[in-house]
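To be precise, the following lines are model08.csv, and they hold CSV, C-alpha atoms.
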chain,number,residue,atom,x,y,z
I,1,MET,CA,-118.4,-100.7,-116.5
I,2,THR,CA,-116.9,-100.5,-113.0
I,3,VAL,CA,-118.4,-97.7,-111.0
I,4,ALA,CA,-116.0,-95.5,-108.9
I,5,ILE,CA,-118.7,-93.3,-107.4
I,6,ASP,CA,-122.3,-94.4,-106.9
I,7,VAL,CA,-124.4,-92.4,-104.5
I,8,ARG,CA,-128.2,-91.9,-104.2
I,9,ASP,CA,-130.3,-89.3,-102.5
I,10,LEU,CA,-127.5,-87.6,-100.5
I,11,ASN,CA,-128.7,-84.9,-98.1
I,12,LYS,CA,-126.8,-82.6,-95.8
I,13,ARG,CA,-128.1,-79.8,-93.6
I,14,PHE,CA,-126.3,-77.2,-91.5
I,15,GLY,CA,-128.9,-76.0,-89.1
I,16,ASP,CA,-131.9,-74.8,-91.0
I,17,LYS,CA,-130.0,-74.7,-94.3
I,18,HIS,CA,-130.5,-77.7,-96.6
I,19,VAL,CA,-127.3,-77.4,-98.6
I,20,VAL,CA,-127.4,-80.8,-100.4
I,21,LYS,CA,-130.8,-82.1,-101.4
I,22,ASP,CA,-131.3,-85.6,-102.9
I,23,VAL,CA,-128.1,-85.7,-105.0
I,24,SER,CA,-127.5,-88.9,-106.9
I,25,ILE,CA,-124.3,-89.4,-109.0
I,26,ALA,CA,-122.7,-92.4,-110.8
I,27,VAL,CA,-119.2,-92.1,-112.2
I,28,GLY,CA,-117.4,-94.9,-114.0
I,29,GLU,CA,-113.9,-95.9,-113.0
I,30,GLY,CA,-111.3,-94.0,-115.0
I,31,ARG,CA,-113.7,-91.2,-116.1
I,32,VAL,CA,-112.9,-87.5,-115.7
I,33,THR,CA,-116.1,-85.8,-114.6
I,34,GLY,CA,-116.8,-82.1,-114.1
I,35,PHE,CA,-119.0,-81.0,-111.2
I,36,LEU,CA,-120.4,-77.6,-112.0
I,37,GLY,CA,-122.9,-75.3,-110.4
I,38,PRO,CA,-123.4,-71.8,-109.0
I,39,ASN,CA,-121.8,-70.7,-105.7
I,40,GLY,CA,-123.7,-72.1,-102.8
I,41,SER,CA,-125.2,-75.0,-104.7
I,42,GLY,CA,-123.6,-77.7,-102.5
I,43,LYS,CA,-120.7,-78.8,-104.7
I,44,THR,CA,-118.1,-78.6,-102.0
I,45,THR,CA,-120.3,-80.2,-99.4
I,46,THR,CA,-121.1,-83.1,-101.8
I,47,MET,CA,-117.4,-83.6,-102.6
I,48,ARG,CA,-116.6,-83.6,-98.9
I,49,MET,CA,-119.2,-86.3,-98.4
I,50,LEU,CA,-117.8,-88.4,-101.3
I,51,CYS,CA,-114.3,-88.2,-99.9
I,52,GLY,CA,-115.3,-89.2,-96.4
I,53,LEU,CA,-114.7,-85.8,-94.9
I,54,LEU,CA,-118.4,-85.2,-94.0
I,55,THR,CA,-121.2,-87.7,-93.1
I,56,PRO,CA,-124.4,-87.3,-95.1
I,57,ASP,CA,-127.6,-86.8,-93.0
I,58,SER,CA,-129.3,-89.3,-95.3
I,59,GLY,CA,-128.6,-91.2,-98.5
I,60,THR,CA,-126.5,-94.2,-99.5
I,61,GLY,CA,-123.6,-95.0,-101.7
I,62,THR,CA,-120.1,-96.0,-102.4
I,63,CYS,CA,-116.8,-94.3,-103.4
I,64,LEU,CA,-114.2,-96.7,-104.8
I,65,GLY,CA,-116.4,-99.6,-103.6
I,66,LEU,CA,-116.4,-98.4,-100.0
I,67,ASP,CA,-119.5,-97.3,-98.1
I,68,ILE,CA,-119.6,-93.5,-97.6
I,69,LEU,CA,-121.4,-93.9,-94.3
I,70,THR,CA,-119.3,-96.6,-92.6
I,71,GLN,CA,-115.9,-96.6,-94.3
I,72,GLN,CA,-115.0,-93.0,-94.4
I,73,ARG,CA,-111.5,-93.5,-92.9
I,74,ARG,CA,-110.6,-95.9,-95.7
I,75,ILE,CA,-112.0,-93.6,-98.3
I,76,LYS,CA,-109.9,-90.7,-97.0
I,77,ARG,CA,-106.8,-92.9,-97.4
I,78,LEU,CA,-107.6,-93.6,-101.0
I,79,THR,CA,-108.8,-90.3,-102.3
I,80,GLY,CA,-107.3,-86.9,-102.9
I,81,TYR,CA,-109.4,-83.8,-102.7
I,82,MET,CA,-108.1,-80.5,-104.1
I,83,THR,CA,-110.2,-77.4,-103.5
I,84,GLN,CA,-110.2,-74.4,-105.7
I,85,LYS,CA,-107.9,-72.7,-103.2
I,86,PHE,CA,-105.5,-75.3,-102.1
I,87,SER,CA,-104.3,-74.6,-98.6
I,88,LEU,CA,-100.6,-74.6,-98.1
I,89,TYR,CA,-98.4,-73.4,-95.3
I,90,ASP,CA,-96.8,-70.4,-97.0
I,91,ASP,CA,-93.8,-70.4,-94.6
I,92,LEU,CA,-92.9,-74.0,-95.4
I,93,THR,CA,-91.1,-75.0,-98.6
I,94,ILE,CA,-92.7,-77.2,-101.3
I,95,GLY,CA,-90.9,-80.2,-100.0
I,96,GLU,CA,-91.8,-79.5,-96.4
I,97,ASN,CA,-95.5,-79.1,-97.3
I,98,LEU,CA,-95.5,-82.4,-99.1
I,99,ARG,CA,-93.7,-84.3,-96.3
I,100,PHE,CA,-96.2,-82.8,-93.9
I,101,ILE,CA,-99.1,-84.0,-95.9
I,102,ALA,CA,-97.5,-87.5,-96.3
I,103,ARG,CA,-97.0,-87.6,-92.5
I,104,ILE,CA,-100.6,-86.6,-91.8
I,105,TYR,CA,-101.8,-89.5,-93.9
I,106,GLY,CA,-99.4,-91.9,-92.3
I,107,MET,CA,-97.8,-92.9,-95.6
I,108,HIS,CA,-95.0,-95.4,-95.6
I,109,ASP,CA,-91.7,-94.5,-97.3
I,110,ARG,CA,-92.7,-90.8,-97.2
I,111,ASN,CA,-89.4,-89.5,-98.5
I,112,ARG,CA,-89.5,-91.7,-101.7
I,113,ARG,CA,-93.2,-90.8,-102.3
I,114,VAL,CA,-92.5,-87.1,-101.9
I,115,ARG,CA,-89.5,-87.3,-104.2
I,116,GLU,CA,-91.5,-89.1,-106.9
I,117,ALA,CA,-94.4,-86.6,-106.7
I,118,LEU,CA,-91.9,-83.7,-107.1
I,119,GLU,CA,-90.3,-85.4,-110.1
I,120,LYS,CA,-93.6,-86.3,-111.8
I,121,LEU,CA,-94.7,-82.6,-111.7
I,122,GLY,CA,-91.4,-81.0,-112.4
I,123,LEU,CA,-91.1,-79.5,-109.0
I,124,GLU,CA,-87.8,-81.0,-107.9
I,125,SER,CA,-85.8,-77.9,-108.7
I,126,ARG,CA,-88.2,-75.8,-106.5
I,127,ARG,CA,-88.3,-78.3,-103.6
I,128,ASP,CA,-86.7,-75.6,-101.2
I,129,GLN,CA,-88.8,-72.7,-102.4
I,130,LEU,CA,-91.3,-71.3,-99.9
I,131,ALA,CA,-94.8,-72.2,-100.9
I,132,GLY,CA,-96.0,-68.6,-100.3
I,133,THR,CA,-93.8,-67.3,-103.1
I,134,LEU,CA,-95.4,-69.6,-105.8
I,135,SER,CA,-97.5,-68.2,-108.6
I,136,GLY,CA,-101.0,-69.6,-109.0
I,137,GLY,CA,-99.9,-72.1,-111.6
I,138,TRP,CA,-97.1,-73.5,-109.5
I,139,LYS,CA,-99.5,-73.7,-106.5
I,140,GLN,CA,-101.8,-75.8,-108.6
I,141,ARG,CA,-98.9,-78.1,-109.6
I,142,LEU,CA,-98.0,-78.4,-105.9
I,143,ALA,CA,-101.6,-79.3,-105.2
I,144,LEU,CA,-101.5,-82.0,-107.8
I,145,ALA,CA,-98.2,-83.3,-106.3
I,146,ALA,CA,-100.1,-83.6,-103.0
I,147,CYS,CA,-102.8,-85.7,-104.7
I,148,LEU,CA,-100.1,-87.9,-106.2
I,149,LEU,CA,-99.1,-88.9,-102.7
I,150,HIS,CA,-102.3,-90.8,-102.5
I,151,GLU,CA,-101.6,-93.1,-105.5

Conversion result in C-alpha cells:
Amino acid sequence: MTVAIDVRDLNKRFGDKHVVKDVSIAVGEGRVTGFLGPNGSGKTTTMRMLCGLLTPDSGTGTCLGLDILTQQRRIKRLTGYMTQKFSLYDDLTIGENLRFIARIYGMHDRNRRVREALEKLGLESRRDQLAGTLSGGWKQRLALAACLLHE
C-alpha cells in the first residue's frame, strides 16, 4: 500500500498552549479518512501542518511523499484544504472567486481549469452569481470546485 500521509509525533504550541501533542497518522493513498474530535482538540492545526500551512514544532513525516518540514511549498501546490467554513469573497461571483484562487496558486491555463471545475460540479449556470447569495450547499459545492483546481 502506498502511503499518502505518514507523520509521527507531531507537536505544535501557541505560547503556553500545547494544541497538538504527539500525533501520529498514516493514511493510504486513495483512502477517504475522517478526522474527528471535540472542539479545541487540534484537528485544524494538525490539518494545517499536513497541508504545509503551519510548521510543526517537532515531529516528522510526509504528505504525498514530500517532507512536511522542508517541502511545505510543494505540498501546498498539491493539496486542497477545505475548512468547515470555507472563506469566499461574498462580493465576487463564483467565477471570480475561482479565478482568484487559481491566480493565487499560480496555475497555468487558469480559465480552462476554472471552466472545468465549474462544469464538474454543475456550477456553470451560476458562474456570474455573487458568492454571498449562495446557500450552504452551493457554498460547499463551490469549495469543492476550488479544491478541484488543484488536481

Contacts of Arg31 of chain I at 10 Å (all atoms listed in the file; same-chain gap of 4+ positions) as a ChimeraX atom specification:
/I:3-4,27

Long-range neighbours of Leu144 of chain I as a list in words, 9 Å cut-off, all atoms listed in the file, 4 positions minimum in chain:
Met82, Ala117, Leu121, Lys139, Gln140, Leu148 and Leu149 of chain I

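Considering only C-alpha atoms, the residue among I:Met107, I:Val32, I:Ile94, I:Ile68 positioned nearest to Asp6 of chain I is I:Ile68.
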
For Phe14 of chain I, which residue out of I:Leu54, I:Met1, I:Cys147, I:Leu36 is the nearest one, using only C-alpha atoms?
I:Leu54

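In this comparison, which uses all atoms listed in the file, the residue of I:Glu124, I:Asp57, I:Met49, I:Asn39 approaching Gln72 of chain I most closely is I:Met49.
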
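Note that atom CA of Gly136 of chain I and atom CA of Leu123 of chain I are 14.0 Å apart.
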
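The space between atom CA of Trp138 of chain I and atom CA of Ile101 of chain I spans 17.3 Å.
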